[in-house]
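Undergrad: Mind having a look at this structure? Questions to follow.
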Amino acid sequence: MTGRVGVLMGGPSSEREVSLESGRNVLGALQQRGHDAVSLDWVGLSDIPDLLRRANVDVVWNALHGTYGEDGCVQGLCEILRVPYTGAGVMASALAMDKIASKGLFQAAGLRGPRWTVAPDEDAARAFGLPCVVKPSREGSSVGVSIVRDAAALAAAFATAARGRGVVLCEEYVKGREVSVGILEDRPIGTVEILPTSDFYDYEAKYLRDDTEYVCPAPLADHVAAHLLEAGATAHRTLGCRCYSRVDFLVDDAGGCFLLEVNTLPGMTSHSLIPKLAAQVGIDYPELCERILAGAGLNV
Ligand SMILES: Nc1ncnc2c1ncn2[C@@H]1O[C@H](COP(=O)(O)OP(=O)(O)O)[C@@H](O)[C@H]1O
Ligand SMILES: [Mg+2]
């Protein structure tokens with residue numbers, strides 16, 4: 001046993017509700033396995049140092065998602081307070097949250113992604129070529145992401161992305177299937193295909209609709225699946241992630257794989273992808289939570 005576990009959830013990000021759901025599930029699973037686990041619901045932005053100090057926990061199971069919880073901020077606070085925590089450390093969390101930083105590292109590691117550029121203004125986006133995907137560099141949950149198919153839609157897409165964190169990026173539009181690779185204990189555990197019923201896997205499809213379908217394992221040719229598993233593990237390692245993550249790809253009709261991003265604190269709700277992938281390899285939800293707990297530590 002690891003002593004008293006604080007399941008940190010909620011938080012001030014736009015993903016608060018999803019995090020509460022992840023956190024409640026994790027808390028229930030750990031308690032069911034006999035752990036002394038308590039809920040740490042982070043509400044006000046500046047409350048977190050007090051919350052962590054007062055809770056008097058030996059380890060934090062980080063069930064936050066998005067800004068502050070997933071980008072290295074909370075990890076930094078845990079480092080300073082000397083409380084071990086689950087998931088990626090400060091640097092890996094920050095790198096994964098920043099699409100420019102992570103793309104640079106992926107390219108250096110030989111991992112293929114969509115062709116991309118930074119678009120300082122609308123004209124730069126226009127010069128990139130269509131169809132393209134316009135997105136902010138430091139958001140998640142598809143916030144600010146638009147697919148632009150005709151020039152008339154570009155101005156609105158640029159403005160939407162510019163309201164997000166970071167700078168605006170243009171990416172080549174990859175027409176393909178959406179496949180994620182699950183990583184646990186730093187090894188790939190499987191693939192899952194996401195079949196959104198909307199135009200792309202947007203915020204609504206992620207959180208507000210329940211008609212998105214998931215196929216696990218993803219129906220892919222063996223060599224494509226093998227490549228994805230390896231590329232997923234390489235992406236996880238390249239950013240220096242710890243224990244678990246979910247790596248997102250697009251796979252085109254020719255089997256070409258395009259790495260989109262690494263999510264360092266993927267959803268842990270009952271219908272989230274990492275729990276589905278773990279179940280496929282015989283790891284039930286409580287065991288998954290315990291294995292992630294076992295990977296906790298300090299790691300700047
Ligand atoms: N280059 C692209 N080509 C086609 N679709 C894309 C591309 N980039 C993103 N998308 C779609 O937008 C979604 C969100 O993009 P992503 O880069 O993963 O941002 P976020 O960090 O907000 O999840 C993806 O899951 C995919 O459905
Ligand atoms: Mg994504």
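For the structure tokens, the naming scheme is as follows: chains receive sequential letters (A, B, ...) according to their order of presentation, residues are indexed from 1 within each chain, and ligands are indexed from 1 in presentation order.
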Determine, counting only C-alpha atoms, which protein, DNA and RNA residues have an atom within 10 Å of an atom of Leu45 (chain A); residues of the same chain fewer than 6 positions away are not included. Present the result as a list of chain:residue names.

TA: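 Once the nearby chain positions are removed, what remains is A:Gly11, A:Pro12, A:Ser13, A:Tyr68.
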
Undergrad: Could you turn the residues from that selection into a file that holds N, CA and C atoms, as a short mmCIF file (atom, residue, chain, number, x, y, z; two decimals), in the first residue's frame?

TA:
```cif
data_model
loop_
_atom_site.label_atom_id
_atom_site.label_comp_id
_atom_site.auth_asym_id
_atom_site.auth_seq_id
_atom_site.Cartn_x
_atom_site.Cartn_y
_atom_site.Cartn_z
N GLY A 11 -10.75 21.03 -10.78
CA GLY A 11 -9.84 22.05 -11.30
C GLY A 11 -10.58 23.14 -12.05
N PRO A 12 -9.86 24.23 -12.35
CA PRO A 12 -10.51 25.38 -12.97
C PRO A 12 -10.53 25.34 -14.50
N SER A 13 -10.09 24.25 -15.14
CA SER A 13 -10.03 24.24 -16.61
C SER A 13 -11.41 23.97 -17.20
N TYR A 68 -3.45 23.85 -16.33
CA TYR A 68 -2.98 23.77 -14.93
C TYR A 68 -2.78 22.33 -14.46
#
```

Undergrad: Just want the residues within 7 Å of ligand 1, written as a list of chain:residue names, counting only C-alpha atoms and all ligand atoms.

TA: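 Protein and nucleic-acid residues within 7 Å of ligand 1: A:Pro114, A:Cys132, A:Val133, A:Glu139, A:Gly140, A:Ser141, A:Ser142, A:Val143, A:Val145, A:Ile147, A:Glu171, A:Glu172, A:Tyr173, A:Val174, A:Lys175, A:Glu178, A:Phe200, A:Tyr201, A:Asp202, A:Asp248, A:Leu260, A:Glu261.
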
Undergrad: In Å, how far is it from CA of Arg138 (chain A) to CA of Ala231 (chain A)?

TA: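 CA of Ala231 (chain A) lies 22.2 Å from CA of Arg138 (chain A).
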
Undergrad: Do you know which residues are at most 8 Å from region 296-299 of chain A counting only C-alpha atoms, after dropping those on the same chain fewer than 6 positions away, and could you put them as a ChimeraX atom specification?

TA: /A:59-61,78-79,82-90

Undergrad: How many Å separate CA of Gly10 (chain A) from CA of Asn25 (chain A)?

TA: 12.5 Å

Undergrad: Skipping near chain neighbours, those fewer than 3 positions away, what residues fall within 9 Å of region 33-37 of chain A using only C-alpha atoms, listed as a VMD selection string?

TA: chain A and resid 1 to 7 27 to 30 57 286 to 287 290

Undergrad: Select from region 111-247 of chain A everything DSSP, run on the backbone, classes as strand (DSSP E or B), then give the selection as a PyMOL selection string.

TA: chain A and resi 116-118+132-136+146-148+168-172+176-184+187-195+213-215+245-247

Undergrad: Next, write the just-selected residues to a file, as a short mmCIF file (atom, residue, chain, number, x, y, z; two decimals), in the first residue's frame, keeping N, CA and C atoms as the atom set.

TA:
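Below is the file that was written, again.cif:
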```
data_model
loop_
_atom_site.label_atom_id
_atom_site.label_comp_id
_atom_site.auth_asym_id
_atom_site.auth_seq_id
_atom_site.Cartn_x
_atom_site.Cartn_y
_atom_site.Cartn_z
N TRP A 116 2.92 21.25 -41.34
CA TRP A 116 2.35 22.32 -40.51
C TRP A 116 3.19 23.59 -40.57
N THR A 117 2.60 24.66 -40.14
CA THR A 117 3.34 25.91 -40.00
C THR A 117 2.69 26.76 -38.91
N VAL A 118 3.47 27.66 -38.36
CA VAL A 118 2.90 28.68 -37.47
C VAL A 118 2.29 29.75 -38.37
N CYS A 132 -7.15 22.79 -44.88
CA CYS A 132 -6.21 22.76 -43.76
C CYS A 132 -6.97 22.74 -42.44
N VAL A 133 -6.22 22.50 -41.38
CA VAL A 133 -6.81 22.53 -40.04
C VAL A 133 -6.14 23.67 -39.29
N VAL A 134 -6.94 24.56 -38.75
CA VAL A 134 -6.42 25.71 -38.02
C VAL A 134 -6.67 25.46 -36.55
N LYS A 135 -5.63 25.60 -35.73
CA LYS A 135 -5.79 25.29 -34.29
C LYS A 135 -4.86 26.12 -33.43
N PRO A 136 -5.24 26.34 -32.17
CA PRO A 136 -4.32 27.00 -31.25
C PRO A 136 -3.25 26.01 -30.79
N SER A 146 -10.56 24.17 -36.16
CA SER A 146 -11.51 24.17 -37.30
C SER A 146 -10.87 23.50 -38.50
N ILE A 147 -11.69 22.82 -39.25
CA ILE A 147 -11.25 22.31 -40.55
C ILE A 147 -11.72 23.33 -41.58
N VAL A 148 -10.77 23.80 -42.38
CA VAL A 148 -11.12 24.83 -43.37
C VAL A 148 -11.04 24.24 -44.76
N VAL A 168 -1.33 30.50 -33.40
CA VAL A 168 -2.18 29.75 -34.33
C VAL A 168 -1.31 28.89 -35.25
N LEU A 169 -1.74 27.66 -35.41
CA LEU A 169 -1.06 26.73 -36.32
C LEU A 169 -1.97 26.37 -37.48
N CYS A 170 -1.35 26.12 -38.64
CA CYS A 170 -2.08 25.52 -39.76
C CYS A 170 -1.47 24.17 -40.01
N GLU A 171 -2.33 23.20 -40.20
CA GLU A 171 -1.85 21.86 -40.52
C GLU A 171 -2.52 21.39 -41.79
N GLU A 172 -1.81 20.61 -42.53
CA GLU A 172 -2.38 19.92 -43.68
C GLU A 172 -3.56 19.08 -43.18
N GLY A 176 -8.57 10.88 -43.02
CA GLY A 176 -8.24 9.55 -42.56
C GLY A 176 -9.01 9.16 -41.34
N ARG A 177 -8.69 8.00 -40.83
CA ARG A 177 -9.36 7.50 -39.64
C ARG A 177 -8.59 7.94 -38.41
N GLU A 178 -9.34 8.10 -37.35
CA GLU A 178 -8.77 8.59 -36.10
C GLU A 178 -8.46 7.38 -35.20
N VAL A 179 -7.19 7.19 -34.88
CA VAL A 179 -6.80 6.02 -34.08
C VAL A 179 -5.92 6.48 -32.92
N SER A 180 -6.21 5.99 -31.73
CA SER A 180 -5.38 6.30 -30.57
C SER A 180 -4.64 5.06 -30.09
N VAL A 181 -3.46 5.29 -29.57
CA VAL A 181 -2.66 4.21 -28.99
C VAL A 181 -2.59 4.45 -27.48
N GLY A 182 -2.87 3.41 -26.72
CA GLY A 182 -2.76 3.52 -25.27
C GLY A 182 -1.39 3.08 -24.81
N ILE A 183 -0.83 3.81 -23.85
CA ILE A 183 0.47 3.45 -23.28
C ILE A 183 0.24 3.24 -21.79
N LEU A 184 0.76 2.13 -21.29
CA LEU A 184 0.70 1.88 -19.85
C LEU A 184 2.05 1.30 -19.41
N ARG A 187 4.69 1.18 -22.03
CA ARG A 187 4.60 0.26 -23.18
C ARG A 187 3.24 0.40 -23.86
N PRO A 188 3.21 0.20 -25.18
CA PRO A 188 1.93 0.31 -25.87
C PRO A 188 1.03 -0.87 -25.53
N ILE A 189 -0.24 -0.61 -25.26
CA ILE A 189 -1.14 -1.72 -24.91
C ILE A 189 -2.23 -1.96 -25.95
N GLY A 190 -2.38 -1.10 -26.94
CA GLY A 190 -3.38 -1.38 -27.97
C GLY A 190 -3.81 -0.14 -28.72
N THR A 191 -4.64 -0.40 -29.72
CA THR A 191 -5.15 0.68 -30.57
C THR A 191 -6.67 0.73 -30.47
N VAL A 192 -7.21 1.91 -30.64
CA VAL A 192 -8.67 2.05 -30.67
C VAL A 192 -9.03 3.05 -31.76
N GLU A 193 -10.02 2.72 -32.57
CA GLU A 193 -10.47 3.65 -33.59
C GLU A 193 -11.67 4.43 -33.05
N ILE A 194 -11.65 5.73 -33.31
CA ILE A 194 -12.74 6.61 -32.87
C ILE A 194 -13.57 6.94 -34.11
N LEU A 195 -14.87 6.71 -34.02
CA LEU A 195 -15.75 7.00 -35.16
C LEU A 195 -16.76 8.06 -34.75
N GLU A 213 -18.59 6.28 -31.74
CA GLU A 213 -18.33 4.85 -31.54
C GLU A 213 -16.84 4.60 -31.45
N TYR A 214 -16.48 3.58 -30.71
CA TYR A 214 -15.08 3.21 -30.52
C TYR A 214 -14.93 1.75 -30.90
N VAL A 215 -13.91 1.46 -31.70
CA VAL A 215 -13.66 0.08 -32.08
C VAL A 215 -12.28 -0.31 -31.57
N SER A 245 -0.16 7.25 -21.11
CA SER A 245 -0.59 8.36 -21.94
C SER A 245 -1.45 7.79 -23.05
N ARG A 246 -2.08 8.70 -23.80
CA ARG A 246 -2.84 8.28 -24.97
C ARG A 246 -2.30 9.08 -26.15
N VAL A 247 -1.87 8.37 -27.19
CA VAL A 247 -1.24 9.03 -28.33
C VAL A 247 -2.19 8.98 -29.52
#
```

Undergrad: Could you check the closest approach to ligand 2 for each of A:Gln75, A:Thr160, A:Ser137, A:Thr234 and tell me which residue wins, using only C-alpha atoms and all ligand atoms?

TA: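 Among the listed residues, the smallest separation from ligand 2 belongs to A:Ser137.
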
Undergrad: From the list A:Ile100, A:Leu40, A:Val224, A:Leu250, which residue is nearest ligand 2 when using only C-alpha atoms and all ligand atoms?

TA: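 Between A:Ile100, A:Leu40, A:Val224, A:Leu250, the residue approaching ligand 2 most closely is A:Leu250.
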
Undergrad: Looking only at the backbone, which of the residues in region 50-253 of chain A does DSSP tag as alpha helix (DSSP H), as a PyMOL selection string?

TA: chain A and resi 50-55+73-81+90-97+99-108+122-128+154-162+203+222-239

Undergrad: Out of A:Trp42, A:Tyr244, A:Tyr285, A:Tyr203, which residue has the shortest atom-to-atom distance to ligand 2 when counting only C-alpha atoms and all ligand atoms?

TA: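 Among the listed residues, the smallest separation from ligand 2 belongs to A:Tyr203.
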